[in-house]
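Below is the file data08.pdb, which contains PDB, C-alpha atoms.
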ATOM      1  CA  GLN R   1     -62.236 -49.489  84.155
ATOM      2  CA  LYS R   2     -63.004 -46.329  82.233
ATOM      3  CA  GLU R   3     -66.748 -45.773  82.002
ATOM      4  CA  VAL R   4     -68.817 -43.851  79.483
ATOM      5  CA  GLU R   5     -72.452 -43.537  80.492
ATOM      6  CA  GLN R   6     -75.433 -42.739  78.306
ATOM      7  CA  ASN R   7     -79.152 -43.041  78.883
ATOM      8  CA  SER R   8     -80.302 -45.802  76.529
ATOM      9  CA  GLY R   9     -83.622 -44.051  75.847
ATOM     10  CA  PRO R  10     -85.515 -44.056  73.655
ATOM     11  CA  LEU R  11     -85.641 -40.286  73.459
ATOM     12  CA  SER R  12     -88.698 -39.296  71.477
ATOM     13  CA  VAL R  13     -89.011 -35.781  70.026
ATOM     14  CA  PRO R  14     -91.369 -34.240  67.482
ATOM     15  CA  GLU R  15     -90.100 -33.190  64.081
ATOM     16  CA  GLY R  16     -88.574 -29.717  64.196
ATOM     17  CA  ALA R  17     -87.732 -29.868  67.913
ATOM     18  CA  ILE R  18     -84.308 -29.830  69.557
ATOM     19  CA  ALA R  19     -82.982 -33.235  70.637
ATOM     20  CA  SER R  20     -80.534 -33.216  73.532
ATOM     21  CA  LEU R  21     -78.304 -36.237  74.068
ATOM     22  CA  ASN R  22     -76.052 -36.549  77.087
ATOM     23  CA  CYS R  23     -72.943 -38.478  78.043
ATOM     24  CA  THR R  24     -70.802 -38.634  81.182
ATOM     25  CA  TYR R  25     -67.380 -40.205  81.552
ATOM     26  CA  SER R  26     -65.273 -41.348  84.468
ATOM     27  CA  ASP R  27     -61.682 -40.729  83.321
ATOM     28  CA  ARG R  28     -60.622 -37.170  84.197
ATOM     29  CA  GLY R  29     -57.647 -37.545  81.851
ATOM     30  CA  SER R  30     -59.917 -37.877  78.813
ATOM     31  CA  GLN R  31     -58.883 -35.605  75.989
ATOM     32  CA  SER R  32     -60.905 -36.479  72.883
ATOM     33  CA  PHE R  33     -64.648 -36.791  72.563
ATOM     34  CA  PHE R  34     -66.701 -38.037  69.645
ATOM     35  CA  TRP R  35     -70.336 -38.496  68.695
ATOM     36  CA  TYR R  36     -71.198 -41.274  66.255
ATOM     37  CA  ARG R  37     -74.565 -42.011  64.685
ATOM     38  CA  GLN R  38     -75.590 -45.612  64.084
ATOM     39  CA  TYR R  39     -78.635 -46.509  62.032
ATOM     40  CA  SER R  40     -80.234 -49.863  62.722
ATOM     41  CA  GLY R  41     -78.184 -52.640  61.116
ATOM     42  CA  LYS R  42     -75.445 -50.243  60.034
ATOM     43  CA  SER R  43     -72.035 -49.261  61.315
ATOM     44  CA  PRO R  44     -71.291 -46.134  63.364
ATOM     45  CA  GLU R  45     -70.424 -42.985  61.432
ATOM     46  CA  LEU R  46     -68.749 -39.904  62.873
ATOM     47  CA  ILE R  47     -70.898 -36.811  63.410
ATOM     48  CA  MET R  48     -68.811 -34.565  65.611
ATOM     49  CA  SER R  49     -65.536 -34.422  67.470
ATOM     50  CA  ILE R  50     -64.679 -31.998  70.269
ATOM     51  CA  TYR R  51     -61.465 -31.559  72.205
ATOM     52  CA  SER R  52     -61.786 -28.378  74.305
ATOM     53  CA  ASN R  53     -64.362 -26.977  76.700
ATOM     54  CA  GLY R  54     -67.268 -25.110  75.185
ATOM     55  CA  ASP R  55     -69.499 -25.514  72.183
ATOM     56  CA  LYS R  56     -68.727 -26.655  68.667
ATOM     57  CA  GLU R  57     -71.319 -26.234  65.941
ATOM     58  CA  ASP R  58     -71.617 -28.027  62.608
ATOM     59  CA  GLY R  59     -74.836 -27.390  60.731
ATOM     60  CA  ARG R  60     -77.760 -28.590  62.837
ATOM     61  CA  PHE R  61     -75.443 -30.290  65.328
ATOM     62  CA  THR R  62     -73.793 -28.732  68.379
ATOM     63  CA  ALA R  63     -71.441 -30.597  70.676
ATOM     64  CA  GLN R  64     -70.899 -29.242  74.175
ATOM     65  CA  LEU R  65     -68.021 -30.244  76.461
ATOM     66  CA  ASN R  66     -67.553 -29.524  80.165
ATOM     67  CA  LYS R  67     -64.434 -31.279  81.420
ATOM     68  CA  ALA R  68     -64.891 -30.079  84.999
ATOM     69  CA  SER R  69     -68.250 -31.854  85.147
ATOM     70  CA  GLN R  70     -67.026 -34.719  82.923
ATOM     71  CA  TYR R  71     -69.973 -34.182  80.665
ATOM     72  CA  VAL R  72     -70.415 -34.007  76.909
ATOM     73  CA  SER R  73     -73.644 -33.460  75.040
ATOM     74  CA  LEU R  74     -74.993 -33.329  71.518
ATOM     75  CA  LEU R  75     -77.810 -31.027  70.452
ATOM     76  CA  ILE R  76     -79.676 -31.628  67.218
ATOM     77  CA  ARG R  77     -81.698 -28.626  66.079
ATOM     78  CA  ASP R  78     -84.698 -28.884  63.746
ATOM     79  CA  SER R  79     -84.792 -32.670  64.244
ATOM     80  CA  GLN R  80     -85.868 -34.692  61.216
ATOM     81  CA  PRO R  81     -87.248 -38.249  61.001
ATOM     82  CA  SER R  82     -83.996 -39.145  59.224
ATOM     83  CA  ASP R  83     -82.159 -38.319  62.464
ATOM     84  CA  SER R  84     -83.815 -41.333  64.094
ATOM     85  CA  ALA R  85     -80.890 -43.549  65.059
ATOM     86  CA  THR R  86     -78.708 -44.554  67.999
ATOM     87  CA  TYR R  87     -76.154 -41.945  69.018
ATOM     88  CA  LEU R  88     -72.923 -43.248  70.498
ATOM     89  CA  CYS R  89     -70.611 -41.191  72.673
ATOM     90  CA  ALA R  90     -66.912 -42.160  72.505
ATOM     91  CA  VAL R  91     -64.141 -40.901  74.763
ATOM     92  CA  SER R  92     -60.379 -41.378  74.690
ATOM     93  CA  GLY R  93     -57.641 -40.270  77.045
ATOM     94  CA  GLY R  94     -53.912 -40.436  77.300
ATOM     95  CA  SER R  95     -53.854 -44.075  76.285
ATOM     96  CA  TYR R  96     -55.650 -43.152  73.030
ATOM     97  CA  ILE R  97     -58.036 -46.065  73.409
ATOM     98  CA  PRO R  98     -61.569 -45.030  72.376
ATOM     99  CA  THR R  99     -64.265 -46.216  74.799
ATOM    100  CA  PHE R 100     -67.892 -46.155  73.699
ATOM    101  CA  GLY R 101     -71.077 -45.709  75.678
ATOM    102  CA  ARG R 102     -74.046 -47.978  75.048
ATOM    103  CA  GLY R 103     -75.759 -45.331  72.945
ATOM    104  CA  THR R 104     -79.014 -43.385  73.148
ATOM    105  CA  SER R 105     -81.832 -44.298  70.802
ATOM    106  CA  LEU R 106     -83.445 -41.201  69.261
ATOM    107  CA  ILE R 107     -86.878 -41.302  67.630
ATOM    108  CA  VAL R 108     -88.064 -38.250  65.716
ATOM    109  CA  HIS R 109     -91.773 -38.529  64.968
ATOM    110  CA  PRO R 110     -93.596 -36.496  62.292
TER     111      PRO R 110
ATOM    112  CA  GLU B   1     -61.213 -42.827  49.194
ATOM    113  CA  ALA B   2     -62.200 -46.446  49.616
ATOM    114  CA  GLY B   3     -63.632 -47.289  53.008
ATOM    115  CA  VAL B   4     -62.798 -50.037  55.469
ATOM    116  CA  ALA B   5     -63.514 -53.420  53.888
ATOM    117  CA  GLN B   6     -64.705 -56.369  55.946
ATOM    118  CA  SER B   7     -65.716 -59.904  55.080
ATOM    119  CA  PRO B   8     -67.806 -61.898  55.396
ATOM    120  CA  ARG B   9     -70.933 -59.802  56.098
ATOM    121  CA  TYR B  10     -72.732 -62.639  57.813
ATOM    122  CA  LYS B  11     -71.654 -65.912  59.362
ATOM    123  CA  ILE B  12     -73.621 -68.638  61.120
ATOM    124  CA  ILE B  13     -71.718 -71.367  62.933
ATOM    125  CA  GLU B  14     -72.356 -73.923  65.624
ATOM    126  CA  LYS B  15     -70.798 -73.603  69.057
ATOM    127  CA  ARG B  16     -67.301 -75.022  69.342
ATOM    128  CA  GLN B  17     -66.625 -74.335  65.665
ATOM    129  CA  SER B  18     -64.033 -71.818  64.525
ATOM    130  CA  VAL B  19     -64.496 -68.668  62.452
ATOM    131  CA  ALA B  20     -62.276 -65.966  60.979
ATOM    132  CA  PHE B  21     -63.002 -62.392  59.977
ATOM    133  CA  TRP B  22     -60.957 -60.248  57.624
ATOM    134  CA  CYS B  23     -60.433 -56.491  57.523
ATOM    135  CA  ASN B  24     -58.683 -54.167  55.099
ATOM    136  CA  PRO B  25     -58.353 -50.637  56.492
ATOM    137  CA  ILE B  26     -58.340 -47.348  54.630
ATOM    138  CA  SER B  27     -55.049 -46.923  52.798
ATOM    139  CA  GLY B  28     -52.493 -45.107  54.918
ATOM    140  CA  HIS B  29     -54.314 -45.622  58.205
ATOM    141  CA  ALA B  30     -51.807 -46.735  60.814
ATOM    142  CA  THR B  31     -54.241 -47.712  63.546
ATOM    143  CA  LEU B  32     -56.676 -50.613  63.292
ATOM    144  CA  TYR B  33     -59.301 -51.651  65.817
ATOM    145  CA  TRP B  34     -61.541 -54.671  66.294
ATOM    146  CA  TYR B  35     -64.715 -54.026  68.265
ATOM    147  CA  GLN B  36     -67.446 -56.423  69.382
ATOM    148  CA  GLN B  37     -70.969 -55.017  69.474
ATOM    149  CA  ILE B  38     -73.639 -57.104  71.165
ATOM    150  CA  LEU B  39     -77.227 -56.164  70.332
ATOM    151  CA  GLY B  40     -78.355 -53.161  72.355
ATOM    152  CA  GLN B  41     -74.861 -52.302  73.580
ATOM    153  CA  GLY B  42     -72.089 -49.994  72.486
ATOM    154  CA  PRO B  43     -68.981 -51.279  70.702
ATOM    155  CA  LYS B  44     -66.466 -52.921  73.027
ATOM    156  CA  LEU B  45     -62.803 -52.807  72.054
ATOM    157  CA  LEU B  46     -61.194 -56.195  71.584
ATOM    158  CA  ILE B  47     -57.803 -55.192  70.198
ATOM    159  CA  GLN B  48     -56.016 -52.137  68.852
ATOM    160  CA  PHE B  49     -53.043 -52.264  66.463
ATOM    161  CA  GLN B  50     -50.620 -49.479  65.646
ATOM    162  CA  ASN B  51     -49.047 -50.532  62.339
ATOM    163  CA  ASN B  52     -48.354 -54.233  62.996
ATOM    164  CA  GLY B  53     -47.888 -53.937  66.762
ATOM    165  CA  VAL B  54     -50.533 -54.507  69.441
ATOM    166  CA  VAL B  55     -51.363 -51.386  71.478
ATOM    167  CA  ASP B  56     -54.061 -52.909  73.664
ATOM    168  CA  ASP B  57     -55.620 -56.361  73.867
ATOM    169  CA  SER B  58     -56.655 -56.302  77.505
ATOM    170  CA  GLN B  59     -60.291 -57.146  76.726
ATOM    171  CA  LEU B  60     -59.556 -59.861  74.166
ATOM    172  CA  PRO B  61     -60.530 -63.331  75.505
ATOM    173  CA  LYS B  62     -57.189 -64.806  74.617
ATOM    174  CA  ASP B  63     -58.197 -68.385  75.394
ATOM    175  CA  ARG B  64     -60.425 -68.329  72.305
ATOM    176  CA  PHE B  65     -59.807 -65.133  70.344
ATOM    177  CA  SER B  66     -56.704 -64.250  68.370
ATOM    178  CA  ALA B  67     -55.880 -61.431  65.986
ATOM    179  CA  GLU B  68     -53.020 -60.473  63.780
ATOM    180  CA  ARG B  69     -52.080 -57.653  61.462
ATOM    181  CA  LEU B  70     -49.336 -58.817  59.197
ATOM    182  CA  LYS B  71     -47.314 -56.165  57.341
ATOM    183  CA  GLY B  72     -49.281 -53.456  59.106
ATOM    184  CA  VAL B  73     -52.191 -53.508  56.652
ATOM    185  CA  ASP B  74     -54.838 -56.285  56.589
ATOM    186  CA  SER B  75     -55.990 -57.900  59.791
ATOM    187  CA  THR B  76     -57.661 -61.167  60.735
ATOM    188  CA  LEU B  77     -59.673 -61.905  63.870
ATOM    189  CA  LYS B  78     -60.248 -65.551  64.761
ATOM    190  CA  ILE B  79     -62.491 -67.252  67.289
ATOM    191  CA  GLN B  80     -61.789 -70.871  68.224
ATOM    192  CA  PRO B  81     -63.857 -72.443  69.689
ATOM    193  CA  ALA B  82     -66.933 -70.219  69.473
ATOM    194  CA  LYS B  83     -69.457 -69.908  72.293
ATOM    195  CA  LEU B  84     -73.093 -68.837  72.158
ATOM    196  CA  GLU B  85     -72.215 -65.529  73.840
ATOM    197  CA  ASP B  86     -69.895 -64.650  70.943
ATOM    198  CA  SER B  87     -72.973 -63.876  68.825
ATOM    199  CA  ALA B  88     -72.476 -60.218  67.948
ATOM    200  CA  VAL B  89     -71.423 -57.838  65.217
ATOM    201  CA  TYR B  90     -67.655 -57.618  64.820
ATOM    202  CA  LEU B  91     -66.627 -54.174  63.669
ATOM    203  CA  CYS B  92     -63.284 -53.271  62.205
ATOM    204  CA  ALA B  93     -62.268 -49.624  62.260
ATOM    205  CA  SER B  94     -59.208 -47.694  61.229
ATOM    206  CA  SER B  95     -57.834 -44.240  61.912
ATOM    207  CA  LEU B  96     -55.044 -42.187  60.457
ATOM    208  CA  ASP B  97     -53.207 -42.441  63.751
ATOM    209  CA  ARG B  98     -54.125 -43.041  67.362
ATOM    210  CA  ALA B  99     -56.755 -40.804  68.941
ATOM    211  CA  PRO B 100     -57.625 -37.956  68.517
ATOM    212  CA  SER B 101     -58.045 -39.206  64.966
ATOM    213  CA  PRO B 102     -61.673 -40.276  64.482
ATOM    214  CA  LEU B 103     -62.514 -43.876  63.641
ATOM    215  CA  HIS B 104     -63.805 -45.047  60.266
ATOM    216  CA  PHE B 105     -65.823 -48.243  60.533
ATOM    217  CA  GLY B 106     -66.354 -51.080  58.100
ATOM    218  CA  ASN B 107     -69.794 -52.608  57.536
ATOM    219  CA  GLY B 108     -69.157 -55.259  60.171
ATOM    220  CA  THR B 109     -69.605 -59.024  60.286
ATOM    221  CA  ARG B 110     -72.732 -60.330  61.974
ATOM    222  CA  LEU B 111     -71.883 -63.612  63.714
ATOM    223  CA  THR B 112     -74.559 -65.984  64.941
ATOM    224  CA  VAL B 113     -73.456 -68.940  67.057
ATOM    225  CA  THR B 114     -76.104 -71.666  67.419
TER     226      THR B 114
END
Can you present the structure in this file as structure tokens?
Amino acid sequence: QKEVEQNSGPLSVPEGAIASLNCTYSDRGSQSFFWYRQYSGKSPELIMSIYSNGDKEDGRFTAQLNKASQYVSLLIRDSQPSDSATYLCAVSGGSYIPTFGRGTSLIVHP
Amino acid sequence: EAGVAQSPRYKIIEKRQSVAFWCNPISGHATLYWYQQILGQGPKLLIQFQNNGVVDDSQLPKDRFSAERLKGVDSTLKIQPAKLEDSAVYLCASSLDRAPSPLHFGNGTRLTVT
């Protein structure tokens, strides 16, 4: 059973701070990594995808991947109250079947 | 482009009744997924289609759940008979192809079994 682990939180950060969200996975053959944001009562929406080791930046978001440590993270700079949501990590490997973690709840307080 | 369409948005049924959910993926998307999301948990894959063929249904409770994707476009997920533990949001998603293509989700169907 392929596992994707996330701390359920909540992670509480003040407005303007950096939020750091972490995810570990068990399948060493994993090749594709995604971060989705899910607002309460809504469906997940894609924020970032990353496929190779290192950092990938998109606006205020940075995804970091370390395949040797089987670890992927998402940094949100200048956090805003509108970033308050659950962040889901999804991983897929050679079978191309996306597996989701349980998500980390982020609260950005003014 | 139009998004993934799902219906109904909400459904309340009694245990042992049957229910069906419908999904229309984004035009041109070959891969279609049905996920079950229980409150407080991440989405759990029930079944994945590539065109009209099943790629993976290993986590689909086949004694009560069934799904089909006729003509490689629309899909229907059915539960018969429903149990209390089936209360969840059922999410349909589509992608251009299999991973690494990202998933595009519909609004989901919230099922309550009483």
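Applied to this file, the PyMOL selection byres ((chain R and resi 95) around 10) selects the residues R:Gly29, R:Ser30, R:Gln31, R:Ser92, R:Gly93, R:Gly94, R:Tyr96, R:Ile97, R:Pro98, B:Val55, B:Asp56, B:Arg98, B:Ala99.
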The selected residues should be written to file as a PDB file, keeping the file's coordinate frame (atoms: C-alpha atoms).
ATOM      1  CA  GLY R  29     -57.647 -37.545  81.851  1.00  0.00           C
ATOM      2  CA  SER R  30     -59.917 -37.877  78.813  1.00  0.00           C
ATOM      3  CA  GLN R  31     -58.883 -35.605  75.989  1.00  0.00           C
ATOM      4  CA  SER R  92     -60.379 -41.378  74.690  1.00  0.00           C
ATOM      5  CA  GLY R  93     -57.641 -40.270  77.045  1.00  0.00           C
ATOM      6  CA  GLY R  94     -53.912 -40.436  77.300  1.00  0.00           C
ATOM      7  CA  TYR R  96     -55.650 -43.152  73.030  1.00  0.00           C
ATOM      8  CA  ILE R  97     -58.036 -46.065  73.409  1.00  0.00           C
ATOM      9  CA  PRO R  98     -61.569 -45.030  72.376  1.00  0.00           C
TER      10      PRO R  98
ATOM     11  CA  VAL B  55     -51.363 -51.386  71.478  1.00  0.00           C
ATOM     12  CA  ASP B  56     -54.061 -52.909  73.664  1.00  0.00           C
ATOM     13  CA  ARG B  98     -54.125 -43.041  67.362  1.00  0.00           C
ATOM     14  CA  ALA B  99     -56.755 -40.804  68.941  1.00  0.00           C
TER      15      ALA B  99
END
Would you translate the PyMOL selection byres ((chain R and resi 41) around 12) into the concrete set of residues it matches in this file, as an MDAnalysis selection string? (chainID R and resid 37:40 42:44 85:86) or (chainID B and resid 9:10 37:40 88:89 91 107:110)
Find the residues of chain R that sit at most 6 Å from chain B; for each, write down the nearest two atoms and how far apart they are in Å, to one decimal. Count all atoms listed in the file. Sort by chain, then by number going up, and give it as CSV.
residue,atom,partner,partner_atom,distance
R:Ser32,CA,B:Pro100,CA,5.7
R:Ser43,CA,B:Asn107,CA,5.5
R:Tyr96,CA,B:Ala99,CA,4.8
R:Phe100,CA,B:Gly42,CA,5.8
R:Gly101,CA,B:Gly42,CA,5.4
R:Arg102,CA,B:Gly42,CA,3.8
R:Gly103,CA,B:Gly42,CA,6.0
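Closest approach to Tyr35 in chain B from the set B:Asp57, B:Glu14, B:Asp63, B:Glu68 is made by B:Asp57, with distances taken over only C-alpha atoms.
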Can you pull out every residue within 9 Å of range 59-75 of chain R, counting only C-alpha atoms, but drop anything in the same chain fewer than 6 positions away, and send it as a PDB file with C-alpha atoms, keeping the file's coordinate frame?
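The result, stored in result-v1.pdb:
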ATOM      1  CA  ILE R  18     -84.308 -29.830  69.557  1.00  0.00           C
ATOM      2  CA  ALA R  19     -82.982 -33.235  70.637  1.00  0.00           C
ATOM      3  CA  SER R  20     -80.534 -33.216  73.532  1.00  0.00           C
ATOM      4  CA  LEU R  21     -78.304 -36.237  74.068  1.00  0.00           C
ATOM      5  CA  ASN R  22     -76.052 -36.549  77.087  1.00  0.00           C
ATOM      6  CA  CYS R  23     -72.943 -38.478  78.043  1.00  0.00           C
ATOM      7  CA  THR R  24     -70.802 -38.634  81.182  1.00  0.00           C
ATOM      8  CA  TYR R  25     -67.380 -40.205  81.552  1.00  0.00           C
ATOM      9  CA  SER R  26     -65.273 -41.348  84.468  1.00  0.00           C
ATOM     10  CA  ASP R  27     -61.682 -40.729  83.321  1.00  0.00           C
ATOM     11  CA  ARG R  28     -60.622 -37.170  84.197  1.00  0.00           C
ATOM     12  CA  SER R  30     -59.917 -37.877  78.813  1.00  0.00           C
ATOM     13  CA  GLN R  31     -58.883 -35.605  75.989  1.00  0.00           C
ATOM     14  CA  PHE R  33     -64.648 -36.791  72.563  1.00  0.00           C
ATOM     15  CA  PHE R  34     -66.701 -38.037  69.645  1.00  0.00           C
ATOM     16  CA  TRP R  35     -70.336 -38.496  68.695  1.00  0.00           C
ATOM     17  CA  ILE R  47     -70.898 -36.811  63.410  1.00  0.00           C
ATOM     18  CA  MET R  48     -68.811 -34.565  65.611  1.00  0.00           C
ATOM     19  CA  SER R  49     -65.536 -34.422  67.470  1.00  0.00           C
ATOM     20  CA  ILE R  50     -64.679 -31.998  70.269  1.00  0.00           C
ATOM     21  CA  TYR R  51     -61.465 -31.559  72.205  1.00  0.00           C
ATOM     22  CA  SER R  52     -61.786 -28.378  74.305  1.00  0.00           C
ATOM     23  CA  ASN R  53     -64.362 -26.977  76.700  1.00  0.00           C
ATOM     24  CA  CYS R  89     -70.611 -41.191  72.673  1.00  0.00           C
TER      25      CYS R  89
END
Show me, as a PyMOL selection string, the residues that have an atom within 12 Å of Val54 in chain B when counting only C-alpha atoms, minus same-chain residues fewer than 4 positions from it. (chain R and resi 97) or (chain B and resi 30-34+46-50+58+60+66-70+72+75)
Distance in Å - CA of Pro81 in chain R versus CA of His109 in chain R: 6.0 Å
Running the PyMOL selection byres ((chain R and resi 10) around 6) on this model by hand, what would come out? Give it as a list in words. Gly9, Leu11, Ser105 and Leu106 of chain R
Put the listed atoms of range 10-14 of chain B in a box along x, y and z with 4 Å added on every side and give me the centre and edge lengths in Å to one decimal, as lines of an AutoDock Vina configuration file.
center_x = -72.6
center_y = -68.3
center_z = 61.7
size_x = 10.0
size_y = 19.3
size_z = 15.8
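Relative to CA of Val13 in chain R, CA of Asp58 in chain R is found at 20.4 Å.
Proximity to Glu5 in chain R was assessed for R:Ala17, R:Leu46, R:Ala90, R:Ile107 counting only C-alpha atoms; the smallest distance is recorded for R:Ala90.
Proximity ranking of B:Ser94, B:Thr76, B:Ser87, B:Ser18 relative to Gln36 in chain B places B:Ser87 first, based on all atoms listed in the file.
Each of B:Ala2, B:Ile13, B:Ile26, B:Leu96 was checked against Lys83 in chain B using all atoms listed in the file; the smallest atom-to-atom distance is that of B:Ile13.
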Separation of CA of Leu111 in chain B and CA of Ile79 in chain B, in Å? 10.7 Å
Residues proximal to (-62.3, -56.6, 57.6) were defined as those with any atom within 6 Å of that point in the file's coordinates, counting all atoms listed in the file. Which are they, as a VMD selection string? chain B and resid 5 to 7 22 to 24 92
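With all atoms listed in the file as the atoms that count, the residue of R:Glu45, R:Thr104, R:Pro110, R:Asn7 with the shortest distance to Gln80 in chain R is R:Pro110.
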Between B:Asn52, B:Ser95, B:Gln80, B:Ser27, which one has atoms that come closest to Lys15 in chain B, using all atoms listed in the file? B:Gln80
